[in-house]
Every structure is written in C-alpha cells, then in structure tokens.
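One file, final-v7.csv, carrying CSV, C-alpha atoms:
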chain,number,residue,atom,x,y,z
A,29,MET,CA,-64.4,-84.2,20.9
A,30,LYS,CA,-66.6,-81.5,22.3
A,31,LYS,CA,-66.8,-78.2,20.7
A,32,GLN,CA,-65.7,-75.3,22.9
A,33,ASN,CA,-67.8,-72.1,22.9
A,34,VAL,CA,-65.4,-69.3,22.5
A,35,GLU,CA,-66.8,-65.9,23.1
A,36,GLN,CA,-65.3,-63.5,20.5
A,37,LYS,CA,-64.7,-59.9,21.5
A,38,ASP,CA,-66.2,-57.4,19.0
A,39,THR,CA,-63.5,-55.2,17.5
A,40,VAL,CA,-63.8,-51.7,19.0
A,41,VAL,CA,-62.7,-48.8,16.7
A,42,ARG,CA,-62.5,-45.2,17.9
A,43,PRO,CA,-63.8,-43.3,14.8
A,44,ALA,CA,-62.1,-40.4,13.1
A,45,THR,CA,-64.3,-37.7,14.6
A,46,GLN,CA,-62.1,-34.8,13.5
A,47,ALA,CA,-61.6,-35.8,9.8
A,48,GLY,CA,-62.9,-32.9,7.7
A,49,ARG,CA,-62.4,-30.5,10.5
A,50,PHE,CA,-58.8,-30.5,11.7
A,51,TYR,CA,-57.5,-32.3,8.7
A,52,GLU,CA,-58.6,-33.6,5.3
A,53,SER,CA,-61.2,-36.4,5.2
A,54,ASP,CA,-60.3,-37.6,1.7
A,55,PRO,CA,-57.5,-40.2,2.1
A,56,ARG,CA,-55.5,-39.2,-1.0
A,57,ARG,CA,-55.6,-35.5,-0.2
A,58,LEU,CA,-54.7,-36.2,3.4
A,59,ALA,CA,-51.8,-38.4,2.4
A,60,GLY,CA,-50.6,-35.8,0.0
A,61,GLU,CA,-50.9,-33.0,2.5
A,62,VAL,CA,-49.0,-34.8,5.2
A,63,ASP,CA,-46.3,-36.0,2.8
A,64,ASP,CA,-45.8,-32.4,1.6
A,65,PHE,CA,-45.3,-31.2,5.2
A,66,LEU,CA,-42.8,-34.0,5.9
A,67,GLN,CA,-40.8,-33.4,2.7
A,68,ARG,CA,-40.1,-29.8,3.8
A,69,HIS,CA,-37.9,-31.0,6.6
A,70,ALA,CA,-34.7,-32.9,6.8
A,71,ALA,CA,-34.3,-35.6,9.5
A,72,PRO,CA,-31.7,-34.8,12.3
A,73,GLN,CA,-28.4,-36.5,11.9
A,74,ASP,CA,-28.8,-38.7,14.9
A,75,THR,CA,-32.3,-39.9,16.0
A,76,ARG,CA,-31.1,-42.9,18.0
A,77,ARG,CA,-31.6,-41.3,21.4
A,78,VAL,CA,-35.0,-39.6,20.7
A,79,ALA,CA,-37.3,-40.7,23.5
A,80,ALA,CA,-40.1,-38.2,23.0
A,81,VAL,CA,-41.2,-35.3,20.8
A,82,ILE,CA,-43.4,-32.3,21.6
A,83,VAL,CA,-45.9,-31.7,18.8
A,84,PRO,CA,-48.7,-29.2,18.3
A,85,HIS,CA,-52.3,-30.4,17.9
A,86,ALA,CA,-54.1,-27.6,16.0
A,87,GLY,CA,-55.6,-27.9,12.6
A,88,TYR,CA,-53.1,-28.8,9.9
A,89,TYR,CA,-53.5,-25.4,8.2
A,90,PHE,CA,-52.1,-23.8,11.4
A,91,SER,CA,-49.6,-26.4,12.8
A,92,GLY,CA,-49.0,-29.1,10.2
A,93,ASN,CA,-45.6,-27.8,9.2
A,94,VAL,CA,-44.4,-27.6,12.7
A,95,ALA,CA,-45.7,-31.0,13.5
A,96,ALA,CA,-43.9,-32.4,10.5
A,97,ALA,CA,-40.6,-31.0,11.7
A,98,ALA,CA,-41.1,-32.9,15.0
A,99,TYR,CA,-42.0,-36.2,13.4
A,100,LYS,CA,-38.8,-36.0,11.2
A,101,ALA,CA,-36.9,-36.6,14.4
A,102,VAL,CA,-38.6,-40.0,14.9
A,103,ASN,CA,-36.5,-42.9,13.6
A,104,ASP,CA,-38.8,-45.0,11.4
A,105,GLY,CA,-36.3,-47.8,11.3
A,106,ARG,CA,-36.1,-48.2,15.0
A,107,PRO,CA,-38.2,-51.1,16.5
A,108,TYR,CA,-40.5,-49.1,18.8
A,109,LYS,CA,-42.6,-51.5,20.9
A,110,ARG,CA,-45.3,-48.9,21.5
A,111,ILE,CA,-46.0,-45.1,21.2
A,112,PHE,CA,-47.5,-43.2,24.1
A,113,LEU,CA,-49.7,-40.3,22.8
A,114,ILE,CA,-50.2,-37.8,25.6
A,115,GLY,CA,-52.3,-34.7,25.2
A,116,PRO,CA,-54.4,-32.2,27.2
A,117,SER,CA,-58.1,-32.5,27.6
A,118,HIS,CA,-60.2,-29.9,25.8
A,119,TYR,CA,-63.7,-31.1,26.5
A,120,GLU,CA,-63.9,-33.1,29.7
A,121,TRP,CA,-62.6,-32.6,33.2
A,122,VAL,CA,-60.1,-35.3,34.2
A,123,ASP,CA,-58.6,-35.5,37.7
A,124,GLY,CA,-55.4,-37.0,36.5
A,125,ALA,CA,-55.1,-38.9,33.2
A,126,SER,CA,-57.5,-41.0,31.2
A,127,VAL,CA,-56.1,-43.9,29.3
A,128,ASN,CA,-58.1,-45.5,26.5
A,129,PHE,CA,-57.4,-49.2,26.8
A,130,SER,CA,-60.9,-50.1,25.6
A,131,ALA,CA,-60.5,-49.4,21.9
A,132,ASP,CA,-58.6,-51.9,19.7
A,133,TYR,CA,-57.9,-49.4,17.0
A,134,TYR,CA,-58.1,-45.6,16.3
A,135,ALA,CA,-59.3,-44.8,12.8
A,136,THR,CA,-58.3,-42.1,10.3
A,137,PRO,CA,-59.1,-41.8,6.6
A,138,LEU,CA,-55.7,-43.6,6.1
A,139,GLY,CA,-56.7,-46.7,8.0
A,140,TRP,CA,-56.6,-48.1,11.5
A,141,VAL,CA,-53.9,-47.7,14.1
A,142,PRO,CA,-53.6,-50.5,16.7
A,143,VAL,CA,-54.0,-49.7,20.4
A,144,ASP,CA,-51.8,-51.4,23.1
A,145,GLY,CA,-54.7,-52.1,25.5
A,146,GLU,CA,-52.5,-54.2,27.7
A,147,ALA,CA,-50.1,-51.4,28.4
A,148,GLY,CA,-52.9,-49.0,29.0
A,149,ALA,CA,-54.6,-51.4,31.5
A,150,LYS,CA,-51.3,-51.7,33.4
A,151,LEU,CA,-51.1,-48.0,33.8
A,152,VAL,CA,-54.6,-47.8,35.2
A,153,ALA,CA,-53.9,-50.7,37.6
A,154,ALA,CA,-50.5,-49.1,38.6
A,155,ASP,CA,-51.8,-45.8,40.0
A,156,SER,CA,-55.1,-44.2,40.8
A,157,VAL,CA,-53.9,-41.1,38.9
A,158,PHE,CA,-54.9,-43.1,35.8
A,159,GLN,CA,-58.5,-44.0,34.9
A,160,TYR,CA,-60.6,-44.5,31.8
A,161,LEU,CA,-63.2,-41.9,31.0
A,162,PRO,CA,-64.7,-42.6,27.6
A,163,ALA,CA,-66.0,-39.0,27.3
A,164,ALA,CA,-62.5,-37.7,27.5
A,165,HIS,CA,-61.6,-39.5,24.3
A,166,ASP,CA,-64.8,-39.4,22.2
A,167,ARG,CA,-64.4,-35.9,20.8
A,168,GLU,CA,-60.8,-35.1,21.7
A,169,HIS,CA,-58.7,-34.0,18.7
A,170,CYS,CA,-55.2,-33.6,20.2
A,171,LEU,CA,-54.3,-37.2,19.8
A,172,GLU,CA,-56.2,-38.0,16.6
A,173,VAL,CA,-54.4,-35.3,14.6
A,174,GLN,CA,-51.1,-37.1,15.3
A,175,LEU,CA,-52.2,-40.3,13.7
A,176,PRO,CA,-51.9,-39.4,10.0
A,177,PHE,CA,-48.3,-38.2,10.6
A,178,LEU,CA,-47.5,-41.5,12.3
A,179,GLN,CA,-49.2,-43.4,9.4
A,180,ARG,CA,-47.1,-41.6,6.8
A,181,SER,CA,-43.9,-41.8,8.8
A,182,PHE,CA,-44.0,-45.5,9.6
A,183,LYS,CA,-44.5,-48.4,7.2
A,184,GLU,CA,-46.3,-50.1,10.1
A,185,VAL,CA,-47.3,-47.9,13.0
A,186,PRO,CA,-46.5,-49.4,16.4
A,187,PRO,CA,-49.4,-49.8,18.8
A,188,ILE,CA,-50.4,-46.6,20.6
A,189,VAL,CA,-51.3,-45.9,24.2
A,190,PRO,CA,-53.8,-42.9,24.1
A,191,ILE,CA,-53.6,-40.7,27.3
A,192,ILE,CA,-55.5,-37.6,27.9
A,193,VAL,CA,-54.3,-35.4,30.8
A,194,GLY,CA,-56.6,-33.0,32.6
A,195,THR,CA,-54.6,-31.9,35.6
A,196,ASN,CA,-51.9,-29.2,36.3
A,197,ARG,CA,-51.1,-30.4,39.8
A,198,LEU,CA,-47.4,-31.1,40.0
A,199,ASP,CA,-47.7,-34.1,42.3
A,200,LYS,CA,-50.1,-35.8,39.9
A,201,LEU,CA,-48.0,-35.0,36.9
A,202,GLN,CA,-45.0,-36.6,38.7
A,203,LYS,CA,-47.1,-39.7,39.4
A,204,ILE,CA,-47.9,-39.9,35.7
A,205,ALA,CA,-44.2,-39.5,34.8
A,206,ARG,CA,-43.1,-42.2,37.2
A,207,ALA,CA,-45.6,-44.6,35.9
A,208,LEU,CA,-44.6,-44.0,32.3
A,209,ALA,CA,-40.9,-44.2,33.1
A,210,ILE,CA,-40.9,-47.9,33.5
A,211,PHE,CA,-41.8,-48.3,29.9
A,212,LEU,CA,-39.1,-46.0,28.6
A,213,THR,CA,-35.4,-46.7,28.2
A,214,ILE,CA,-33.8,-43.4,27.1
A,215,ARG,CA,-33.6,-40.8,29.9
A,216,PRO,CA,-37.4,-40.7,30.3
A,217,MET,CA,-37.8,-38.5,33.3
A,218,ARG,CA,-35.9,-35.6,31.7
A,219,MET,CA,-38.0,-35.8,28.6
A,220,LEU,CA,-41.3,-36.1,30.5
A,221,THR,CA,-40.4,-33.3,32.9
A,222,ARG,CA,-39.6,-31.0,30.1
A,223,TRP,CA,-43.0,-31.7,28.5
A,224,MET,CA,-44.8,-31.1,31.8
A,225,SER,CA,-42.9,-27.9,32.4
A,226,VAL,CA,-43.9,-26.6,29.0
A,227,ARG,CA,-47.5,-27.6,29.6
A,228,LYS,CA,-47.7,-26.0,33.0
A,229,LYS,CA,-46.4,-22.7,31.7
A,230,ARG,CA,-48.9,-22.6,28.9
A,231,CYS,CA,-52.0,-23.3,31.0

Would you put the structure from the file into structure tokens?
Amino acid sequence: MKKQNVEQKDTVVRPATQAGRFYESDPRRLAGEVDDFLQRHAAPQDTRRVAAVIVPHAGYYFSGNVAAAAYKAVNDGRPYKRIFLIGPSHYEWVDGASVNFSADYYATPLGWVPVDGEAGAKLVAADSVFQYLPAAHDREHCLEVQLPFLQRSFKEVPPIVPIIVGTNRLDKLQKIARALAIFLTIRPMRMLTRWMSVRKKRC
C-alpha cells in the first residue's frame, strides 16, 4: 500500500497582543480579576432568548465591571454553536467588515480560543462587504478583551468568528446584518439593528 503525502496545515494562533496593557498578563491574576467582576453580578432570571449582548471594550480598570454584567446574561449551559465577536476598528481603515478566518485560535494568558474559520469564510464569500485584512486584527484590542470573560464564563468556549467593522454607512451595516442573520435564530435583526444604531450614534 502506497503512503499518501498529506500536507499538514500549520496551526495559526493570533497572539495576545494586549495582555499587560488592557488586562493582566499573569494567568492567575487575570482569572481572579475576571472572576471578581463576574461575582459582583447576578444572572438575569431568563437568559434563554438572549441572542446578543453589547459589551464595552476598554481596559478592565475602566470597563471590566460593566462587561461582567453583560456576560452574566449569557447562558453558559446553552449549546451555542459559535460566537460572533463584532467590534469597531481602531487602527485600520476597513471599507465594510474584516473577518479573520485565517487564524485557528486566539490566544490569551488563560489559553487558546478556537476560531470558526468555516463560518468566517462563508461570510466573506457571501457578500463583498466582508473581506479579510490581517492588519485590522493584528493590534486590535476590542475583540481580544472579550476573550478572558468568555473563558471564565464557559467551561468550553464555543468557536468564535472575529469581525472588525470599519464603516458607518447604513447600507453596508444592513448588508452585514443580513449576512449574519442566517446564522442566528432568536430575532437577530432586532438585536443587530440595535447594536448598529448605538454604534452610529457614538461615532
């Protein structure tokens, strides 16, 4: 029987570029800080219909407590297939949205979080409003600071789809919402429109 040469793909890990800046770099101290924030808040009585949460993305000293309140609304016992992380671009101009489907994992001091590259690639193929610009993700903090909260809220974090948005144009935001809607099951357009309205007012 002939041996088959199987080309193995190298694992691509997006490093924790903001550890020690926006949040603690020491794993034990980081876990303790996030747990302390989470313990300050009680979970809502009914989290079954939560489709999305709006979370701040500043340093934990400034926004960790508010972020924890939002994450307490996430039902850690629900079988989420994936989590879409959507945040604004702070460093690179993006005409639409950049989806990182190239990385296999995002790293934090608490470990690696898997990326749903297949879902990300589907978004890019579905509409030209999506693309992949590596520079939009390399230094960006807004999604990275969410990961330790997910890691301390879930026993096993569902795969993430990292999306950086760099447009305020309503027509493009609506395209983004429609593309994401096919993945969601609980009144997705209302939740996404609310996020977009808030973002538009703040920019």

Give me, as a list of chain:residue names, all polymer residues having an atom no more than 8 Å from Ala98 in chain A, counting only C-alpha atoms and skipping those fewer than 5 positions away in the same chain.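 Once the nearby chain positions are removed, what remains is A:Val81, A:Ile82, A:Val83.
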
Quote the spacing between CA of Ala101 in chain A and CA of His85 in chain A in Å to one decimal place.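 Separating CA of Ala101 in chain A from CA of His85 in chain A is a distance of 17.0 Å.
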
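For the residues A:Leu212, A:Ala70, A:Ala47, A:Val157, ranking by smallest atom-to-atom distance to Ser126 in chain A using only C-alpha atoms places A:Val157 first.
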
Using only C-alpha atoms, which residues of range 30-89 of chain A come within 10 Å of range 127-131 of chain A, and what is the closest atom pair for each, with the distance in Å to one decimal? Give it as a tab-separated table, sorted by chain and residue number.
residue	atom	partner	partner_atom	distance
A:Thr39	CA	A:Ala131	CA	7.9
A:Val40	CA	A:Ala131	CA	5.0
A:Val41	CA	A:Ala131	CA	5.7
A:Arg42	CA	A:Ala131	CA	6.1
A:Pro43	CA	A:Ala131	CA	9.9

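Nearest residue to Ala209 in chain A among A:Gly115, A:Leu151, A:Val141, A:Pro55 is A:Leu151, counting only C-alpha atoms.
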
What gap, in Å, lies between CA of Glu120 in chain A and CA of Ala164 in chain A?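 Spanning CA of Glu120 in chain A to CA of Ala164 in chain A is a straight-line distance of 5.3 Å.
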
Around the point (-55.5, -34.0, 39.7) in the file's coordinates, collect all residues with an atom within 7 Å, using only C-alpha atoms, and return them as a VMD selection string. chain A and resid 123 to 124 195 to 197 200

For Cys170 in chain A, which residue out of A:Tyr119, A:Phe158, A:Trp140, A:Tyr108 is the nearest one, using only C-alpha atoms?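 Looking only at the distances to Cys170 in chain A, the closest residue turns out to be A:Tyr119.
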
Restore N, CA, C and O atoms in range 145-161 of chain A and list the result as a PDB file, keeping the file's coordinate frame.
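This is the output file result13.pdb:
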ATOM      1  N   GLY A 145     -53.752 -52.067  24.353  1.00  0.00           N
ATOM      2  CA  GLY A 145     -54.700 -52.100  25.500  1.00  0.00           C
ATOM      3  C   GLY A 145     -54.047 -52.657  26.738  1.00  0.00           C
ATOM      4  O   GLY A 145     -54.379 -52.244  27.855  1.00  0.00           O
ATOM      5  N   GLU A 146     -53.143 -53.608  26.563  1.00  0.00           N
ATOM      6  CA  GLU A 146     -52.500 -54.200  27.700  1.00  0.00           C
ATOM      7  C   GLU A 146     -51.659 -53.228  28.488  1.00  0.00           C
ATOM      8  O   GLU A 146     -51.728 -53.161  29.724  1.00  0.00           O
ATOM      9  N   ALA A 147     -50.878 -52.430  27.764  1.00  0.00           N
ATOM     10  CA  ALA A 147     -50.100 -51.400  28.400  1.00  0.00           C
ATOM     11  C   ALA A 147     -50.932 -50.364  29.100  1.00  0.00           C
ATOM     12  O   ALA A 147     -50.640 -49.891  30.201  1.00  0.00           O
ATOM     13  N   GLY A 148     -52.021 -49.986  28.422  1.00  0.00           N
ATOM     14  CA  GLY A 148     -52.900 -49.000  29.000  1.00  0.00           C
ATOM     15  C   GLY A 148     -53.568 -49.526  30.284  1.00  0.00           C
ATOM     16  O   GLY A 148     -53.686 -48.798  31.277  1.00  0.00           O
ATOM     17  N   ALA A 149     -53.972 -50.787  30.279  1.00  0.00           N
ATOM     18  CA  ALA A 149     -54.600 -51.400  31.500  1.00  0.00           C
ATOM     19  C   ALA A 149     -53.578 -51.446  32.618  1.00  0.00           C
ATOM     20  O   ALA A 149     -53.937 -51.259  33.792  1.00  0.00           O
ATOM     21  N   LYS A 150     -52.316 -51.685  32.308  1.00  0.00           N
ATOM     22  CA  LYS A 150     -51.300 -51.700  33.400  1.00  0.00           C
ATOM     23  C   LYS A 150     -51.121 -50.360  34.013  1.00  0.00           C
ATOM     24  O   LYS A 150     -50.919 -50.275  35.228  1.00  0.00           O
ATOM     25  N   LEU A 151     -51.199 -49.298  33.218  1.00  0.00           N
ATOM     26  CA  LEU A 151     -51.100 -48.000  33.800  1.00  0.00           C
ATOM     27  C   LEU A 151     -52.253 -47.689  34.746  1.00  0.00           C
ATOM     28  O   LEU A 151     -52.059 -47.164  35.844  1.00  0.00           O
ATOM     29  N   VAL A 152     -53.464 -48.047  34.328  1.00  0.00           N
ATOM     30  CA  VAL A 152     -54.600 -47.800  35.200  1.00  0.00           C
ATOM     31  C   VAL A 152     -54.536 -48.610  36.466  1.00  0.00           C
ATOM     32  O   VAL A 152     -54.936 -48.136  37.538  1.00  0.00           O
ATOM     33  N   ALA A 153     -53.990 -49.814  36.373  1.00  0.00           N
ATOM     34  CA  ALA A 153     -53.900 -50.700  37.600  1.00  0.00           C
ATOM     35  C   ALA A 153     -52.703 -50.198  38.457  1.00  0.00           C
ATOM     36  O   ALA A 153     -52.718 -50.450  39.663  1.00  0.00           O
ATOM     37  N   ALA A 154     -51.735 -49.500  37.873  1.00  0.00           N
ATOM     38  CA  ALA A 154     -50.500 -49.100  38.600  1.00  0.00           C
ATOM     39  C   ALA A 154     -50.739 -47.982  39.574  1.00  0.00           C
ATOM     40  O   ALA A 154     -50.119 -47.934  40.641  1.00  0.00           O
ATOM     41  N   ASP A 155     -51.603 -47.027  39.207  1.00  0.00           N
ATOM     42  CA  ASP A 155     -51.800 -45.800  40.000  1.00  0.00           C
ATOM     43  C   ASP A 155     -53.138 -45.231  39.829  1.00  0.00           C
ATOM     44  O   ASP A 155     -53.639 -45.186  38.700  1.00  0.00           O
ATOM     45  N   SER A 156     -53.723 -44.737  40.911  1.00  0.00           N
ATOM     46  CA  SER A 156     -55.100 -44.200  40.800  1.00  0.00           C
ATOM     47  C   SER A 156     -55.111 -42.850  40.073  1.00  0.00           C
ATOM     48  O   SER A 156     -56.205 -42.339  39.781  1.00  0.00           O
ATOM     49  N   VAL A 157     -53.958 -42.289  39.735  1.00  0.00           N
ATOM     50  CA  VAL A 157     -53.900 -41.100  38.900  1.00  0.00           C
ATOM     51  C   VAL A 157     -54.451 -41.353  37.513  1.00  0.00           C
ATOM     52  O   VAL A 157     -54.869 -40.450  36.800  1.00  0.00           O
ATOM     53  N   PHE A 158     -54.436 -42.644  37.119  1.00  0.00           N
ATOM     54  CA  PHE A 158     -54.900 -43.100  35.800  1.00  0.00           C
ATOM     55  C   PHE A 158     -56.340 -43.665  35.962  1.00  0.00           C
ATOM     56  O   PHE A 158     -56.650 -44.339  36.942  1.00  0.00           O
ATOM     57  N   GLN A 159     -57.176 -43.418  34.975  1.00  0.00           N
ATOM     58  CA  GLN A 159     -58.500 -44.000  34.900  1.00  0.00           C
ATOM     59  C   GLN A 159     -58.885 -44.052  33.415  1.00  0.00           C
ATOM     60  O   GLN A 159     -58.113 -43.629  32.555  1.00  0.00           O
ATOM     61  N   TYR A 160     -60.064 -44.569  33.144  1.00  0.00           N
ATOM     62  CA  TYR A 160     -60.600 -44.500  31.800  1.00  0.00           C
ATOM     63  C   TYR A 160     -61.915 -43.840  31.767  1.00  0.00           C
ATOM     64  O   TYR A 160     -62.898 -44.358  32.298  1.00  0.00           O
ATOM     65  N   LEU A 161     -61.968 -42.662  31.185  1.00  0.00           N
ATOM     66  CA  LEU A 161     -63.200 -41.900  31.000  1.00  0.00           C
ATOM     67  C   LEU A 161     -63.500 -41.809  29.521  1.00  0.00           C
ATOM     68  O   LEU A 161     -62.855 -41.033  28.811  1.00  0.00           O
TER      69      LEU A 161
END
